[in-house]
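Below: one structure, written as structure tokens.
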Amino acid sequence: MWKNFIKVTIRSISKNKAFNVINISGLAIGLASAIFIILYIISETGYDRFNERSADIYRLYLDGKVSGQEVKGAWNSPAYGPGFHEEIPEIENFCRFNFADNLLLWADPSNKYLENHIMYADSTFFELFTIDLLEGDPGTCLDEPYTILLSESKAGQYFPEGDPIGKTIYMNDDSTLYRVTGVVEDAPRASHFFYDFICSYSSDPQSRTPIWLNNYMHTYILVRPGADQAQLDAKINEVLIEKIRDQLMAFMGVTPEEFMEAGGRYGVFTQPLLSIHLDKEILVPSNIGYRPIGNRTYLVIFALIASFILIIASINFMNLSTARSLSRAKEVSLRKVVGSGRKQLIRQFLFESVFLSLISLLIAIILVIVLLNPFNGLVGLNLVLADIFSWYMIPSFILLAVLVGLLSGSYPSFVLASFKPIFALKGNASTKNGTTLLRNALVIIQFSISIIIIAGTLVIYWQFRYMTNKDLGFDKEQLVVMERLFPLGDQTASFKEELNKHSAILSSTNSTAYLGIHSSNSPLGIKGRPPGESALFFIYYTDEDFMETYKFELATADSRFFSEEYSMDSSACLVNEAAVRNYNLEDPLNQSLMNLNPGGLDQELRIIGVMKDYHFLSLKQEIAPQVIILQPESFQSAYLTLRLGAGKNNIEAGLKHIEDTWRDFAGDQPLQYFFLDEELETFYAEEKRTGAVTLIFSILAIFIASLGLFGLTLYNSQKRIREIGIRKVMGATESNIVGVIGKSVLYAVAISILIAIPVAYYMMQDWLRDFPYNVGFQPLLFVIAALLAIIIAMVTVTITSLKAARTNPAICLHYE
């Protein structure tokens, strides 16, 4: 029986090459698209699963509320790890992380390298994480201060002659020497953190700080199997309250209970290791050692796109097979006459469907293999081919192909098997199959899905465009930010003064942070209010030229920025409008903030100006309270921002002057700088990538739908070939005939638009809610999506039907 099925299937394919090429192509593209998206979902959900005890590892995060401002991030005090481990039996072990970048390292003075991925970790690192130490003793390699592990790739770079164990790495200057105690494998691709070097955590002098309120690094804990997370969190917070009691009283003058009664919140909780990569709610202090956080919403979007594309491809198969059923009516009837049963016929046609689907799967896998690297490069992903050939993937793909074949071939099989020989042999099976309504319904579903994908793509692109082009409230153009200023030592002011002498450099400013990134987020008191009512601010320490360089504006006529003309500005500050609103500063220019210090030695800061709200953080975050404080002259800031004159000549001349001046002041130390507008655009890399992926797959979805429409129109044109001949004899023009054939398709697309637009609107508005600043409802985008669907459908129908319309009427009337 199966041998006969194969013969009949091959014969059927060879007789209907055009339809089968369309069917196989559509399914292959649909399956390839689904495989790409499945690989992406597997990659995103597979982070950190390589660790043997991944289910027992948690990262601690701080969840607090100070004066109405929420704080939720994976920053801890160095005291957390040892403190909780000592007090809570469920905690088996702990490991603390910190990261550093822009450090100059060398083993050979003639080959110095600027490194950005340096991790500081406890000696328990290898007890928590299943990462191979290729050389060295995992139990002792990070015990002593100033010891360092090199990743496998860096070991070859720094010590090409061989074994690095026991040799020395220089860091920043000759006084800081690190002894190499091991070589560690490169950070696994599926790890949420990464590194090039791992230094002993005890090398950091702050690692032994007793201050529980000083949160800046990361803590991971290993708990005993079966520990209840909720109970663990409760015990952690019981210990925390007692540990911070005295320090909170010293800093804010309140007990933890008084702080919470006033509406505050301060707690430490556990975040499962396996949920870290896709948990965007819990922030990290920086992204130096962490891979970009994924987004569960995007996984859902891509899963829906994969399902939609498969549905469209399956509908193509079903539609074309049903439409072609009339051409096989006589074949089915003859089979019934000679004894074939209905079940046997259904099995035959289902076998054909699954056979075509498996051929499509083979082509799809070949397409994925060929296009994987270009796809990765185009959308900025790191999918690997090995995931396709894991033990469960190939069987899953085969099962998927079989299911697609069965689902897409089920209805045509029942339609074909239901033909009655008496009608089919008389040539009037068309009056008995009743498939026209189904085909139209399937076309409506196809184009509804296509319109939803088109509209979604347009909204995602528009949101990305909005975020990268929105007025931030300051001028981000022609700004160059220099980092890693420590080689200047105490010459920063002189260096800045020398830079300002060049006409291409309009102004420059020295600050602890540049606009666009998180600065320190700390509580400040408000003079005249109880200590428990302190307010949380993003604090920027700057010089007098910060406002001139960034070109933001003041909110009131009485406000002013720092000036060298006012000697008392060292005890002054500026706040933004968000701070005035959030903290009810009714007369801000007559109020003061209190910089809280232990022991009651608070510094009073007079407010001398209110700044208009500008986006000093990403547009993914609402504008928060900000304070700017004049930094002392001796203060060593992290960044120097320069405003260059407009035009290519000014930019080139300015950069050359920066490089020459840096060389004069810092010698052979590497210069680090970037353009601020380019840096800010990287904040939206996830949205850009999502837009690129959805654009690619929306094009594929449209192509597959158009392919099915092409085949369906081709079949309808052939079926109505005699009608077309008669119409031409009666004087119909080509446009008349194209209109007759395309009218039903246009009706179907119109219904698709009515169905798709409300669905697309609901889905995209739900997505936009994640952004506090978004494009909102843009009717034009949905109109464009509808027009694109109409144009694509009519172009497809026109191209197909023109061939029939141009056929000689004599040939048409001799047809059959």
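How things are named: the first chain in the structure tokens is A, the next is B, and so on; residues count from 1 in each chain; ligands count from 1 in the order shown.
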
Shell of 12 Å around stretch 688-691 of chain A, only C-alpha atoms, local chain residues under 5 positions omitted, as JSON, numbers by chain
{"A": [37, 40, 294, 295, 297, 298, 299, 300, 301, 302, 305, 375, 376, 377, 378, 379, 380, 381, 453, 454, 455, 456, 457, 458, 459, 460, 461, 462, 463, 464, 465, 466, 467, 468, 681, 682, 683, 696, 697, 698]}

All residues 7 Å or closer to stretch 126-132 of chain A, only C-alpha atoms, same chain fewer than 4 positions away omitted, as a JSON list (two decimals) with N, CA, C and O atoms, in the first residue's frame:
```json
[["chain", "number", "residue", "atom", "x", "y", "z"],
["A", 50, "PHE", "N", 23.27, 25.70, 32.03],
["A", 50, "PHE", "CA", 24.44, 24.83, 32.03],
["A", 50, "PHE", "C", 24.97, 24.58, 33.44],
["A", 50, "PHE", "O", 25.73, 23.64, 33.67],
["A", 51, "ASN", "N", 24.59, 25.43, 34.40],
["A", 51, "ASN", "CA", 25.06, 25.25, 35.78],
["A", 51, "ASN", "C", 24.39, 24.03, 36.41],
["A", 51, "ASN", "O", 23.17, 23.89, 36.34],
["A", 52, "GLU", "N", 25.18, 23.18, 37.03],
["A", 52, "GLU", "CA", 24.66, 21.93, 37.59],
["A", 52, "GLU", "C", 23.59, 22.17, 38.65],
["A", 52, "GLU", "O", 22.63, 21.42, 38.76],
["A", 138, "PRO", "N", 40.75, 25.18, 41.58],
["A", 138, "PRO", "CA", 39.52, 25.96, 41.79],
["A", 138, "PRO", "C", 39.24, 26.27, 43.25],
["A", 138, "PRO", "O", 38.52, 27.23, 43.56],
["A", 184, "VAL", "N", 40.77, 30.13, 32.94],
["A", 184, "VAL", "CA", 39.38, 29.73, 32.99],
["A", 184, "VAL", "C", 38.80, 29.72, 31.57],
["A", 184, "VAL", "O", 39.25, 30.49, 30.71],
["A", 185, "GLU", "N", 37.85, 28.85, 31.33],
["A", 185, "GLU", "CA", 37.23, 28.83, 30.00],
["A", 185, "GLU", "C", 36.54, 30.16, 29.73],
["A", 185, "GLU", "O", 36.11, 30.87, 30.66],
["A", 222, "LEU", "N", 23.94, 30.27, 47.09],
["A", 222, "LEU", "CA", 23.61, 28.87, 46.80],
["A", 222, "LEU", "C", 22.84, 28.34, 47.99],
["A", 222, "LEU", "O", 23.34, 28.34, 49.13]]
```

Judged by only C-alpha atoms, the minimum distance to A:Ile359 among A:Ala28, A:Cys573, A:Met764, A:Ala535 is found for A:Ala28

* Every residue of stretch 470-635 of chain A that DSSP places in helix (DSSP H, G or I), as JSON, numbers by chain -> {"A": [486, 487, 488, 489, 490, 491, 492, 493, 494, 495, 496, 497, 498, 499, 531, 532, 533, 546, 547, 548, 549, 550, 567, 568, 569, 570, 571, 577, 578, 579, 580, 581, 582, 588, 589, 590, 598, 599, 600]}

Go through stretch 507-592 of chain A and flag each residue having an atom no more than 12 Å from stretch 229-253 of chain A; for those, report the closest pair of atoms plus their distance in Å to one decimal, using only C-alpha atoms, ordered by chain and rising number, as a Markdown table.
```
| residue | atom | partner | partner_atom | distance |
| --- | --- | --- | --- | --- |
| A:Ser522 | CA | A:Phe251 | CA | 11.6 |
| A:Pro523 | CA | A:Met252 | CA | 9.1 |
| A:Leu524 | CA | A:Met252 | CA | 9.2 |
| A:Gly525 | CA | A:Met252 | CA | 8.2 |
| A:Ile526 | CA | A:Met252 | CA | 11.4 |
| A:Arg529 | CA | A:Met252 | CA | 11.6 |
| A:Pro530 | CA | A:Gly253 | CA | 8.6 |
| A:Pro531 | CA | A:Met252 | CA | 5.3 |
| A:Gly532 | CA | A:Met252 | CA | 6.3 |
| A:Glu533 | CA | A:Met252 | CA | 8.8 |
| A:Ser534 | CA | A:Met252 | CA | 7.6 |
| A:Ala535 | CA | A:Met252 | CA | 10.9 |
```

- [ ] Might you pull out every residue within 12 Å of A:His518, with only C-alpha atoms counted and same-chain residues fewer than 2 positions away left off, and present them as a PyMOL selection string?
- [x] chain A and resi 283-287+512-516+520-522+537-540+615-618+621+623-624+626

So which residues touch A:Lys612 within 10 Å, counting only C-alpha atoms, skipping near sequence neighbours fewer than 2 positions away, as an MDAnalysis selection string? chainID A and resid 473:474 552:556 575:578 609:610 614:615

Go ahead and write the residues just picked, C-alpha atoms, as a compact mmCIF listing (two decimals), in the first residue's frame.
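Everything below was put into again_2.txt:
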```
# COMPACT_ATOMS: atom_id res chain seq x y z
CA GLY A 473 15.52 68.54 26.41
CA PHE A 474 19.25 68.97 25.79
CA PHE A 552 19.45 72.42 28.65
CA GLU A 553 17.20 75.18 30.00
CA LEU A 554 16.16 76.59 33.36
CA ALA A 555 12.49 76.54 34.34
CA THR A 556 12.12 79.91 36.08
CA VAL A 575 16.94 70.42 41.00
CA ASN A 576 14.68 69.54 38.09
CA GLU A 577 10.94 70.06 37.75
CA ALA A 578 10.30 66.38 38.55
CA GLY A 609 17.85 76.93 40.26
CA VAL A 610 15.16 74.69 38.83
CA TYR A 614 15.05 66.72 30.32
CA HIS A 615 15.70 63.04 29.68
```

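The space separating atom CA of A:Ser207 from atom CA of A:Pro78 comes to 5.6 Å.
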
From stretch 544-789 of chain A, collect each residue whose DSSP state is strand (DSSP E) and return the set as an MDAnalysis selection string. chainID A and resid 572:576 592:595 603:611 626:630 639:644 672:675

N, CA and C atoms of the current selection, written as a short mmCIF file (atom, residue, chain, number, x, y, z; two decimals), in the first residue's frame:
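File produced: out.cif:
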```cif
data_model
loop_
_atom_site.label_atom_id
_atom_site.label_comp_id
_atom_site.auth_asym_id
_atom_site.auth_seq_id
_atom_site.Cartn_x
_atom_site.Cartn_y
_atom_site.Cartn_z
N ALA A 572 25.73 74.87 47.07
CA ALA A 572 24.47 75.10 46.36
C ALA A 572 24.15 73.91 45.47
N CYS A 573 22.96 73.90 44.92
CA CYS A 573 22.55 72.82 44.03
C CYS A 573 21.41 73.30 43.14
N LEU A 574 21.13 72.51 42.09
CA LEU A 574 19.96 72.72 41.25
C LEU A 574 19.15 71.44 41.23
N VAL A 575 17.83 71.58 41.12
CA VAL A 575 16.94 70.42 41.00
C VAL A 575 16.12 70.56 39.73
N ASN A 576 15.54 69.46 39.28
CA ASN A 576 14.68 69.54 38.09
C ASN A 576 13.21 69.66 38.49
N SER A 592 16.36 74.26 50.97
CA SER A 592 17.68 73.62 50.93
C SER A 592 17.53 72.12 51.05
N LEU A 593 18.46 71.41 50.45
CA LEU A 593 18.57 69.96 50.61
C LEU A 593 19.70 69.67 51.58
N MET A 594 19.63 68.52 52.23
CA MET A 594 20.63 68.14 53.21
C MET A 594 21.33 66.87 52.71
N ASN A 595 22.64 67.01 52.43
CA ASN A 595 23.44 65.85 52.03
C ASN A 595 23.76 65.06 53.28
N GLN A 603 25.53 68.17 55.13
CA GLN A 603 25.89 69.36 54.36
C GLN A 603 24.63 70.00 53.80
N GLU A 604 24.45 71.30 54.07
CA GLU A 604 23.29 72.00 53.56
C GLU A 604 23.58 72.51 52.15
N LEU A 605 22.65 72.25 51.24
CA LEU A 605 22.80 72.66 49.84
C LEU A 605 21.62 73.56 49.46
N ARG A 606 21.89 74.85 49.26
CA ARG A 606 20.84 75.77 48.86
C ARG A 606 20.43 75.52 47.41
N ILE A 607 19.15 75.53 47.13
CA ILE A 607 18.66 75.38 45.76
C ILE A 607 18.72 76.75 45.09
N ILE A 608 19.53 76.85 44.03
CA ILE A 608 19.67 78.14 43.33
C ILE A 608 19.01 78.13 41.97
N GLY A 609 18.49 76.98 41.57
CA GLY A 609 17.85 76.93 40.26
C GLY A 609 17.01 75.69 40.07
N VAL A 610 16.00 75.83 39.23
CA VAL A 610 15.16 74.69 38.83
C VAL A 610 15.35 74.49 37.33
N MET A 611 15.71 73.29 36.95
CA MET A 611 15.94 72.97 35.54
C MET A 611 14.66 72.42 34.92
N GLN A 626 16.15 64.83 39.96
CA GLN A 626 17.59 64.96 39.73
C GLN A 626 18.12 66.16 40.49
N VAL A 627 19.33 66.05 41.00
CA VAL A 627 19.99 67.18 41.63
C VAL A 627 21.40 67.27 41.06
N ILE A 628 21.84 68.51 40.79
CA ILE A 628 23.20 68.77 40.32
C ILE A 628 23.92 69.57 41.39
N ILE A 629 25.10 69.08 41.77
CA ILE A 629 25.90 69.70 42.83
C ILE A 629 27.25 70.09 42.24
N LEU A 630 27.76 71.23 42.64
CA LEU A 630 29.06 71.68 42.16
C LEU A 630 30.15 70.84 42.81
N TYR A 639 34.14 61.66 33.73
CA TYR A 639 33.87 61.99 32.33
C TYR A 639 34.18 63.47 32.04
N LEU A 640 34.66 63.69 30.83
CA LEU A 640 34.83 65.04 30.32
C LEU A 640 34.07 65.12 29.00
N THR A 641 33.06 66.00 28.95
CA THR A 641 32.22 66.12 27.76
C THR A 641 32.58 67.41 27.03
N LEU A 642 32.77 67.30 25.72
CA LEU A 642 33.15 68.45 24.91
C LEU A 642 32.12 68.68 23.82
N ARG A 643 31.79 69.93 23.59
CA ARG A 643 30.90 70.28 22.47
C ARG A 643 31.76 70.81 21.33
N LEU A 644 31.67 70.13 20.19
CA LEU A 644 32.42 70.53 19.00
C LEU A 644 31.55 71.42 18.12
N GLN A 672 40.19 57.28 25.37
CA GLN A 672 38.86 56.68 25.24
C GLN A 672 37.81 57.78 25.09
N TYR A 673 37.08 57.77 23.99
CA TYR A 673 35.99 58.74 23.83
C TYR A 673 34.93 58.15 22.91
N PHE A 674 33.73 58.74 22.94
CA PHE A 674 32.64 58.33 22.06
C PHE A 674 31.74 59.53 21.82
N PHE A 675 30.96 59.46 20.74
CA PHE A 675 29.98 60.50 20.45
C PHE A 675 28.69 60.15 21.20
#
```

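Each of A:Thr168, A:Ser637, A:Gln69, A:Thr209 was compared to A:Leu536 using only C-alpha atoms, and A:Gln69 turns out to be the nearest.
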
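Taking atom CA of A:Phe351 and atom CA of A:Ala32 as the two end points, the separation is 21.6 Å.
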
Next on the checklist: Give me the residues near A:Leu403 as a list in words, where near means some atom within 12 Å (using only C-alpha atoms) and where sequence neighbours in that chain fewer than 2 positions away do not count.
Outcome noted: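 Here the qualifying residues turn out to be Leu31, Leu310, Ile311, Ser314, Leu350, Phe351, Ser353, Val354, Phe355, Ser357, Leu358, Leu361, Ser396, Phe397, Ile398, Leu399, Leu400, Ala401, Gly405, Leu406, Leu407, Ser408, Gly409 and Ser410 of chain A.
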
Output of the above residues as a compact mmCIF listing (two decimals), in the first residue's frame, restricted to N, CA, C and O atoms:
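Saved file part.txt follows:
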```txt
# COMPACT_ATOMS: atom_id res chain seq x y z
N LEU A 31 8.35 27.17 7.30
CA LEU A 31 9.05 26.33 8.28
C LEU A 31 10.42 26.92 8.62
O LEU A 31 10.84 26.88 9.78
N LEU A 310 3.38 30.12 9.91
CA LEU A 310 3.02 28.72 9.66
C LEU A 310 1.55 28.60 9.27
O LEU A 310 1.19 27.80 8.38
N ILE A 311 0.70 29.39 9.91
CA ILE A 311 -0.73 29.36 9.55
C ILE A 311 -0.93 29.81 8.11
O ILE A 311 -1.67 29.18 7.33
N SER A 314 0.31 27.11 5.81
CA SER A 314 -0.63 25.98 5.81
C SER A 314 -1.90 26.33 5.04
O SER A 314 -2.45 25.49 4.32
N LEU A 350 -3.68 12.46 2.49
CA LEU A 350 -2.93 12.93 3.65
C LEU A 350 -1.45 12.57 3.52
O LEU A 350 -0.57 13.35 3.92
N PHE A 351 -1.17 11.39 2.97
CA PHE A 351 0.22 11.00 2.74
C PHE A 351 0.90 11.98 1.79
O PHE A 351 2.04 12.39 2.01
N SER A 353 0.14 15.09 1.35
CA SER A 353 0.32 16.34 2.07
C SER A 353 1.54 16.27 2.99
O SER A 353 2.38 17.19 3.02
N VAL A 354 1.65 15.18 3.77
CA VAL A 354 2.77 15.03 4.69
C VAL A 354 4.08 14.89 3.91
O VAL A 354 5.12 15.43 4.30
N PHE A 355 4.03 14.19 2.78
CA PHE A 355 5.22 14.01 1.93
C PHE A 355 5.74 15.38 1.47
O PHE A 355 6.94 15.68 1.55
N SER A 357 5.15 18.22 2.89
CA SER A 357 5.58 18.96 4.07
C SER A 357 6.99 18.54 4.50
O SER A 357 7.81 19.38 4.88
N LEU A 358 7.29 17.25 4.41
CA LEU A 358 8.64 16.78 4.78
C LEU A 358 9.68 17.27 3.77
O LEU A 358 10.81 17.60 4.16
N LEU A 361 10.32 20.68 4.78
CA LEU A 361 11.16 20.73 5.97
C LEU A 361 12.64 20.58 5.60
O LEU A 361 13.49 21.31 6.12
N SER A 396 11.59 17.10 16.81
CA SER A 396 10.55 18.12 16.97
C SER A 396 10.19 18.75 15.64
O SER A 396 9.00 19.00 15.35
N PHE A 397 11.19 19.02 14.82
CA PHE A 397 10.92 19.61 13.51
C PHE A 397 10.15 18.64 12.62
O PHE A 397 9.25 19.04 11.87
N ILE A 398 10.54 17.36 12.68
CA ILE A 398 9.81 16.36 11.88
C ILE A 398 8.36 16.28 12.33
O ILE A 398 7.44 16.24 11.51
N LEU A 399 8.16 16.27 13.66
CA LEU A 399 6.80 16.24 14.19
C LEU A 399 6.04 17.49 13.75
O LEU A 399 4.85 17.39 13.37
N LEU A 400 6.71 18.64 13.78
CA LEU A 400 6.06 19.89 13.35
C LEU A 400 5.66 19.80 11.88
O LEU A 400 4.54 20.17 11.52
N ALA A 401 6.56 19.28 11.05
CA ALA A 401 6.26 19.15 9.62
C ALA A 401 5.09 18.20 9.38
O ALA A 401 4.23 18.45 8.54
N GLY A 405 1.60 19.18 7.80
CA GLY A 405 1.09 18.43 6.64
C GLY A 405 -0.30 17.88 6.89
O GLY A 405 -1.18 17.97 6.03
N LEU A 406 -0.52 17.31 8.08
CA LEU A 406 -1.84 16.75 8.40
C LEU A 406 -2.91 17.83 8.49
O LEU A 406 -4.01 17.68 7.96
N LEU A 407 -2.57 18.94 9.16
CA LEU A 407 -3.55 20.01 9.32
C LEU A 407 -3.88 20.68 8.00
O LEU A 407 -5.04 20.94 7.68
N SER A 408 -2.83 20.98 7.21
CA SER A 408 -3.06 21.69 5.97
C SER A 408 -3.66 20.78 4.89
O SER A 408 -4.32 21.26 3.97
N GLY A 409 -3.45 19.48 5.04
CA GLY A 409 -3.99 18.58 4.03
C GLY A 409 -5.27 17.89 4.42
O GLY A 409 -5.86 17.16 3.62
N SER A 410 -5.72 18.15 5.65
CA SER A 410 -6.90 17.42 6.14
C SER A 410 -8.16 17.77 5.35
O SER A 410 -8.85 16.88 4.84
```

The distance between atom CA of A:Asp766 and atom CA of A:Asp471 is 24.3 Å

Would you pick out the contacts of A:Gly166 at 12 Å or less, using only C-alpha atoms, so that residues sharing its chain but fewer than 5 positions from it are not included, and give the list as a PDB file with N, CA, C and O atoms, in the first residue's frame?
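Output saved as selection-v6.pdb:
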```
ATOM      1  N   ALA A 107      51.468  42.251  30.302  1.00  0.00           N
ATOM      2  CA  ALA A 107      52.494  41.367  30.834  1.00  0.00           C
ATOM      3  C   ALA A 107      53.846  41.767  30.256  1.00  0.00           C
ATOM      4  O   ALA A 107      54.879  41.652  30.903  1.00  0.00           O
ATOM      5  N   GLU A 135      43.304  25.535  34.001  1.00  0.00           N
ATOM      6  CA  GLU A 135      44.573  25.404  34.721  1.00  0.00           C
ATOM      7  C   GLU A 135      44.414  26.054  36.083  1.00  0.00           C
ATOM      8  O   GLU A 135      43.773  27.101  36.206  1.00  0.00           O
ATOM      9  N   GLY A 136      45.015  25.453  37.112  1.00  0.00           N
ATOM     10  CA  GLY A 136      44.930  26.013  38.453  1.00  0.00           C
ATOM     11  C   GLY A 136      44.029  25.198  39.358  1.00  0.00           C
ATOM     12  O   GLY A 136      43.376  24.239  38.935  1.00  0.00           O
ATOM     13  N   CYS A 141      42.425  29.270  43.937  1.00  0.00           N
ATOM     14  CA  CYS A 141      42.977  30.211  42.947  1.00  0.00           C
ATOM     15  C   CYS A 141      42.558  31.655  43.177  1.00  0.00           C
ATOM     16  O   CYS A 141      43.220  32.576  42.687  1.00  0.00           O
ATOM     17  N   THR A 147      45.292  38.238  43.032  1.00  0.00           N
ATOM     18  CA  THR A 147      45.454  37.083  42.151  1.00  0.00           C
ATOM     19  C   THR A 147      44.435  37.222  41.023  1.00  0.00           C
ATOM     20  O   THR A 147      43.380  37.843  41.189  1.00  0.00           O
ATOM     21  N   ILE A 148      44.738  36.623  39.870  1.00  0.00           N
ATOM     22  CA  ILE A 148      43.916  36.838  38.696  1.00  0.00           C
ATOM     23  C   ILE A 148      43.852  35.568  37.852  1.00  0.00           C
ATOM     24  O   ILE A 148      44.829  34.814  37.773  1.00  0.00           O
ATOM     25  N   LEU A 149      42.669  35.332  37.280  1.00  0.00           N
ATOM     26  CA  LEU A 149      42.476  34.249  36.316  1.00  0.00           C
ATOM     27  C   LEU A 149      42.303  34.872  34.939  1.00  0.00           C
ATOM     28  O   LEU A 149      41.609  35.881  34.781  1.00  0.00           O
ATOM     29  N   LEU A 150      42.905  34.263  33.933  1.00  0.00           N
ATOM     30  CA  LEU A 150      42.759  34.719  32.554  1.00  0.00           C
ATOM     31  C   LEU A 150      41.805  33.797  31.815  1.00  0.00           C
ATOM     32  O   LEU A 150      41.839  32.565  32.013  1.00  0.00           O
ATOM     33  N   PHE A 159      50.184  35.674  27.050  1.00  0.00           N
ATOM     34  CA  PHE A 159      51.330  34.771  27.233  1.00  0.00           C
ATOM     35  C   PHE A 159      51.388  33.784  26.060  1.00  0.00           C
ATOM     36  O   PHE A 159      51.106  32.592  26.214  1.00  0.00           O
ATOM     37  N   LEU A 177      50.167  44.833  40.947  1.00  0.00           N
ATOM     38  CA  LEU A 177      50.591  43.607  40.271  1.00  0.00           C
ATOM     39  C   LEU A 177      49.648  42.469  40.647  1.00  0.00           C
ATOM     40  O   LEU A 177      49.331  42.275  41.820  1.00  0.00           O
ATOM     41  N   TYR A 178      49.230  41.722  39.657  1.00  0.00           N
ATOM     42  CA  TYR A 178      48.355  40.576  39.894  1.00  0.00           C
ATOM     43  C   TYR A 178      49.085  39.308  39.466  1.00  0.00           C
ATOM     44  O   TYR A 178      49.631  39.239  38.356  1.00  0.00           O
ATOM     45  N   ARG A 179      49.055  38.312  40.333  1.00  0.00           N
ATOM     46  CA  ARG A 179      49.702  37.024  40.043  1.00  0.00           C
ATOM     47  C   ARG A 179      48.688  36.092  39.393  1.00  0.00           C
ATOM     48  O   ARG A 179      47.580  35.897  39.913  1.00  0.00           O
ATOM     49  N   VAL A 180      49.061  35.506  38.255  1.00  0.00           N
ATOM     50  CA  VAL A 180      48.167  34.603  37.530  1.00  0.00           C
ATOM     51  C   VAL A 180      48.130  33.259  38.254  1.00  0.00           C
ATOM     52  O   VAL A 180      49.160  32.607  38.435  1.00  0.00           O
ATOM     53  N   THR A 181      46.920  32.849  38.669  1.00  0.00           N
ATOM     54  CA  THR A 181      46.762  31.581  39.383  1.00  0.00           C
ATOM     55  C   THR A 181      45.900  30.582  38.625  1.00  0.00           C
ATOM     56  O   THR A 181      45.626  29.497  39.141  1.00  0.00           O
ATOM     57  N   GLY A 182      45.462  30.936  37.413  1.00  0.00           N
ATOM     58  CA  GLY A 182      44.650  29.978  36.662  1.00  0.00           C
ATOM     59  C   GLY A 182      44.219  30.507  35.310  1.00  0.00           C
ATOM     60  O   GLY A 182      44.310  31.700  35.020  1.00  0.00           O
ATOM     61  N   VAL A 183      43.762  29.563  34.494  1.00  0.00           N
ATOM     62  CA  VAL A 183      43.170  29.880  33.186  1.00  0.00           C
ATOM     63  C   VAL A 183      41.764  29.295  33.185  1.00  0.00           C
ATOM     64  O   VAL A 183      41.569  28.100  33.426  1.00  0.00           O
TER      65      VAL A 183
END
```
